[in-house]
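Report on the following structure.
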Amino acid sequence: MKVKNRVKRHEEFQDIIRGSKCEKSSFFAIYFQKSDIPFTRVGISVSKKNGNAVVRNKIKRQIRAITDATIDYQAPLNLIIVAKNAYDINDFAKGKEQFTALLQNIRRKLDDK
């Protein structure tokens, strides 16, 4: 994921979360909204409840790998991906499956509008 495609600032995270809709699964909560910027920006949030810094960084690396494989960065969209406590770092395939299903639901909801 390129730097221009990342949401980094806390204020941007809060603005996107407050003004967006949410799709949830057992591993993720994804907040999404259309953007004025002509490309997709992604923010990843992992709570301290998920584990120590090593575990949280591994979760973020796995989520970045999933997003690079599944997201079309040409769409004008803002996404905040929140990893839930149930996220299992040893079950990458299930995480990818759930993320893909959530992304399909998001695309369907945005196309309906």
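Naming works like this for the structure tokens: A, B, ... for the chains as they're shown, residue 1 at the start of each chain, ligands 1 onward in shown order.
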Quick one: pick out all helix (DSSP H, G or I) residues within range 29-103 of chain A from a backbone DSSP run and write them as a VMD selection string. chain A and resid 48 to 50 53 to 70 92 to 103
Running DSSP on the backbone, which parts of range 80-110 of chain A land in strand (DSSP E or B), as a PyMOL selection string? chain A and resi 80-83
For the residues in the current selection, export all heavy atoms as a PDB file, in the first residue's frame.
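The result, written out as selection_23.pdb:
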ATOM      1  N   ILE A  80     -11.778   2.606   6.818  1.00  0.00           N
ATOM      2  CA  ILE A  80     -11.091   2.404   8.091  1.00  0.00           C
ATOM      3  C   ILE A  80     -11.362   0.956   8.486  1.00  0.00           C
ATOM      4  O   ILE A  80     -12.521   0.557   8.649  1.00  0.00           O
ATOM      5  CB  ILE A  80     -11.591   3.358   9.190  1.00  0.00           C
ATOM      6  CG1 ILE A  80     -11.392   4.812   8.787  1.00  0.00           C
ATOM      7  CG2 ILE A  80     -10.889   3.046  10.508  1.00  0.00           C
ATOM      8  CD1 ILE A  80      -9.953   5.239   8.635  1.00  0.00           C
ATOM      9  N   ILE A  81     -10.311   0.173   8.629  1.00  0.00           N
ATOM     10  CA  ILE A  81     -10.432  -1.239   8.974  1.00  0.00           C
ATOM     11  C   ILE A  81     -10.036  -1.395  10.431  1.00  0.00           C
ATOM     12  O   ILE A  81      -8.906  -1.094  10.807  1.00  0.00           O
ATOM     13  CB  ILE A  81      -9.532  -2.100   8.076  1.00  0.00           C
ATOM     14  CG1 ILE A  81      -9.875  -1.863   6.607  1.00  0.00           C
ATOM     15  CG2 ILE A  81      -9.659  -3.568   8.442  1.00  0.00           C
ATOM     16  CD1 ILE A  81      -8.819  -2.340   5.656  1.00  0.00           C
ATOM     17  N   VAL A  82     -10.974  -1.866  11.235  1.00  0.00           N
ATOM     18  CA  VAL A  82     -10.724  -2.087  12.662  1.00  0.00           C
ATOM     19  C   VAL A  82     -10.684  -3.587  12.887  1.00  0.00           C
ATOM     20  O   VAL A  82     -11.653  -4.297  12.599  1.00  0.00           O
ATOM     21  CB  VAL A  82     -11.833  -1.440  13.527  1.00  0.00           C
ATOM     22  CG1 VAL A  82     -11.563  -1.689  14.994  1.00  0.00           C
ATOM     23  CG2 VAL A  82     -11.938   0.049  13.239  1.00  0.00           C
ATOM     24  N   ALA A  83      -9.557  -4.078  13.393  1.00  0.00           N
ATOM     25  CA  ALA A  83      -9.420  -5.500  13.707  1.00  0.00           C
ATOM     26  C   ALA A  83     -10.041  -5.758  15.078  1.00  0.00           C
ATOM     27  O   ALA A  83      -9.696  -5.107  16.051  1.00  0.00           O
ATOM     28  CB  ALA A  83      -7.962  -5.912  13.706  1.00  0.00           C
TER      29      ALA A  83
END
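When CA of Leu79 in chain A is paired with CA of Glu97 in chain A, their separation reads 17.5 Å.
Reported to one decimal place, the separation of CA of Lys58 in chain A from CA of Lys4 in chain A is 21.6 Å.
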Smallest atom-to-atom distance to Phe32 in chain A: which of A:Asp15, A:Arg64, A:Asn90, A:Leu77, using only C-alpha atoms? A:Leu77
Tell me, as an MDAnalysis selection string, which residues lie within 12 Å of Lys24 in chain A, counting only C-alpha atoms; anything in the same chain fewer than 2 positions away does not count. chainID A and resid 21:22 26:32 80:84 98:103 105:106
Can I get the selection written as a PDB file, in the first residue's frame, with N, CA, C and O atoms?
ATOM      1  N   LYS A  21     -20.675   4.684   7.081  1.00  0.00           N
ATOM      2  CA  LYS A  21     -21.434   3.486   7.422  1.00  0.00           C
ATOM      3  C   LYS A  21     -20.449   2.383   7.758  1.00  0.00           C
ATOM      4  O   LYS A  21     -19.263   2.496   7.498  1.00  0.00           O
ATOM      5  N   CYS A  22     -20.965   1.289   8.314  1.00  0.00           N
ATOM      6  CA  CYS A  22     -20.090   0.237   8.806  1.00  0.00           C
ATOM      7  C   CYS A  22     -20.591  -1.136   8.371  1.00  0.00           C
ATOM      8  O   CYS A  22     -21.799  -1.392   8.352  1.00  0.00           O
ATOM      9  N   SER A  26     -16.906 -11.182  12.189  1.00  0.00           N
ATOM     10  CA  SER A  26     -16.333 -11.571  13.481  1.00  0.00           C
ATOM     11  C   SER A  26     -14.887 -11.089  13.638  1.00  0.00           C
ATOM     12  O   SER A  26     -14.410 -10.925  14.751  1.00  0.00           O
ATOM     13  N   PHE A  27     -14.182 -10.836  12.524  1.00  0.00           N
ATOM     14  CA  PHE A  27     -12.794 -10.384  12.581  1.00  0.00           C
ATOM     15  C   PHE A  27     -12.633  -8.887  12.382  1.00  0.00           C
ATOM     16  O   PHE A  27     -11.679  -8.300  12.877  1.00  0.00           O
ATOM     17  N   PHE A  28     -13.535  -8.254  11.610  1.00  0.00           N
ATOM     18  CA  PHE A  28     -13.338  -6.869  11.199  1.00  0.00           C
ATOM     19  C   PHE A  28     -14.591  -6.031  11.383  1.00  0.00           C
ATOM     20  O   PHE A  28     -15.708  -6.538  11.340  1.00  0.00           O
ATOM     21  N   ALA A  29     -14.368  -4.742  11.511  1.00  0.00           N
ATOM     22  CA  ALA A  29     -15.399  -3.725  11.318  1.00  0.00           C
ATOM     23  C   ALA A  29     -14.796  -2.758  10.302  1.00  0.00           C
ATOM     24  O   ALA A  29     -13.700  -2.232  10.523  1.00  0.00           O
ATOM     25  N   ILE A  30     -15.475  -2.554   9.174  1.00  0.00           N
ATOM     26  CA  ILE A  30     -14.952  -1.679   8.133  1.00  0.00           C
ATOM     27  C   ILE A  30     -15.894  -0.487   7.983  1.00  0.00           C
ATOM     28  O   ILE A  30     -17.061  -0.648   7.652  1.00  0.00           O
ATOM     29  N   TYR A  31     -15.369   0.692   8.250  1.00  0.00           N
ATOM     30  CA  TYR A  31     -16.113   1.930   8.064  1.00  0.00           C
ATOM     31  C   TYR A  31     -15.769   2.464   6.679  1.00  0.00           C
ATOM     32  O   TYR A  31     -14.598   2.503   6.302  1.00  0.00           O
ATOM     33  N   PHE A  32     -16.784   2.875   5.917  1.00  0.00           N
ATOM     34  CA  PHE A  32     -16.537   3.306   4.549  1.00  0.00           C
ATOM     35  C   PHE A  32     -17.377   4.519   4.196  1.00  0.00           C
ATOM     36  O   PHE A  32     -18.461   4.712   4.727  1.00  0.00           O
ATOM     37  N   ILE A  80     -11.778   2.606   6.818  1.00  0.00           N
ATOM     38  CA  ILE A  80     -11.091   2.404   8.091  1.00  0.00           C
ATOM     39  C   ILE A  80     -11.362   0.956   8.486  1.00  0.00           C
ATOM     40  O   ILE A  80     -12.521   0.557   8.649  1.00  0.00           O
ATOM     41  N   ILE A  81     -10.311   0.173   8.629  1.00  0.00           N
ATOM     42  CA  ILE A  81     -10.432  -1.239   8.974  1.00  0.00           C
ATOM     43  C   ILE A  81     -10.036  -1.395  10.431  1.00  0.00           C
ATOM     44  O   ILE A  81      -8.906  -1.094  10.807  1.00  0.00           O
ATOM     45  N   VAL A  82     -10.974  -1.866  11.235  1.00  0.00           N
ATOM     46  CA  VAL A  82     -10.724  -2.087  12.662  1.00  0.00           C
ATOM     47  C   VAL A  82     -10.684  -3.587  12.887  1.00  0.00           C
ATOM     48  O   VAL A  82     -11.653  -4.297  12.599  1.00  0.00           O
ATOM     49  N   ALA A  83      -9.557  -4.078  13.393  1.00  0.00           N
ATOM     50  CA  ALA A  83      -9.420  -5.500  13.707  1.00  0.00           C
ATOM     51  C   ALA A  83     -10.041  -5.758  15.078  1.00  0.00           C
ATOM     52  O   ALA A  83      -9.696  -5.107  16.051  1.00  0.00           O
ATOM     53  N   LYS A  84     -10.967  -6.696  15.123  1.00  0.00           N
ATOM     54  CA  LYS A  84     -11.607  -7.027  16.392  1.00  0.00           C
ATOM     55  C   LYS A  84     -10.724  -7.964  17.216  1.00  0.00           C
ATOM     56  O   LYS A  84      -9.759  -8.549  16.707  1.00  0.00           O
ATOM     57  N   GLN A  98     -13.282 -13.338   5.049  1.00  0.00           N
ATOM     58  CA  GLN A  98     -14.223 -12.401   5.664  1.00  0.00           C
ATOM     59  C   GLN A  98     -14.054 -10.992   5.107  1.00  0.00           C
ATOM     60  O   GLN A  98     -15.038 -10.297   4.844  1.00  0.00           O
ATOM     61  N   PHE A  99     -12.817 -10.564   4.893  1.00  0.00           N
ATOM     62  CA  PHE A  99     -12.570  -9.237   4.356  1.00  0.00           C
ATOM     63  C   PHE A  99     -13.133  -9.109   2.948  1.00  0.00           C
ATOM     64  O   PHE A  99     -13.758  -8.104   2.601  1.00  0.00           O
ATOM     65  N   THR A 100     -12.936 -10.128   2.131  1.00  0.00           N
ATOM     66  CA  THR A 100     -13.455 -10.112   0.762  1.00  0.00           C
ATOM     67  C   THR A 100     -14.974 -10.040   0.756  1.00  0.00           C
ATOM     68  O   THR A 100     -15.563  -9.291  -0.035  1.00  0.00           O
ATOM     69  N   ALA A 101     -15.624 -10.795   1.642  1.00  0.00           N
ATOM     70  CA  ALA A 101     -17.082 -10.754   1.730  1.00  0.00           C
ATOM     71  C   ALA A 101     -17.572  -9.369   2.152  1.00  0.00           C
ATOM     72  O   ALA A 101     -18.549  -8.835   1.596  1.00  0.00           O
ATOM     73  N   LEU A 102     -16.903  -8.768   3.129  1.00  0.00           N
ATOM     74  CA  LEU A 102     -17.283  -7.417   3.565  1.00  0.00           C
ATOM     75  C   LEU A 102     -17.083  -6.408   2.439  1.00  0.00           C
ATOM     76  O   LEU A 102     -17.917  -5.518   2.243  1.00  0.00           O
ATOM     77  N   LEU A 103     -16.000  -6.535   1.696  1.00  0.00           N
ATOM     78  CA  LEU A 103     -15.731  -5.618   0.601  1.00  0.00           C
ATOM     79  C   LEU A 103     -16.794  -5.743  -0.492  1.00  0.00           C
ATOM     80  O   LEU A 103     -17.215  -4.737  -1.068  1.00  0.00           O
ATOM     81  N   ASN A 105     -19.925  -6.605   0.044  1.00  0.00           N
ATOM     82  CA  ASN A 105     -21.110  -5.947   0.593  1.00  0.00           C
ATOM     83  C   ASN A 105     -21.001  -4.428   0.467  1.00  0.00           C
ATOM     84  O   ASN A 105     -21.986  -3.744   0.155  1.00  0.00           O
ATOM     85  N   ILE A 106     -19.819  -3.899   0.723  1.00  0.00           N
ATOM     86  CA  ILE A 106     -19.606  -2.455   0.610  1.00  0.00           C
ATOM     87  C   ILE A 106     -19.799  -2.002  -0.830  1.00  0.00           C
ATOM     88  O   ILE A 106     -20.472  -1.005  -1.091  1.00  0.00           O
TER      89      ILE A 106
END
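Proximity ranking of A:Tyr87, A:Tyr73, A:Lys34, A:Val7 relative to Val46 in chain A places A:Tyr87 first, based on only C-alpha atoms.
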note - CA of Ile66 in chain A and CA of Met1 in chain A are separated by 10.3 Å
Find the residue from A:Leu110, A:Val3, A:Ala75, A:Val42 that sits nearest to Ile63 in chain A; use only C-alpha atoms when measuring. A:Val42
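Proximity to Lys94 in chain A was assessed for A:Ser25, A:Asp111, A:Phe13, A:Lys49 counting only C-alpha atoms; the smallest distance is recorded for A:Ser25.
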Tell me which of A:Asp112, A:Asp91, A:Glu23, A:Glu12 sits closest to Asn78 in chain A, counting only C-alpha atoms. A:Glu12
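For the set A:Ile44, A:Ala65, A:Val54, A:Ile71, the residue with the smallest atom-to-atom gap to Phe92 in chain A is A:Ala65, counting only C-alpha atoms.
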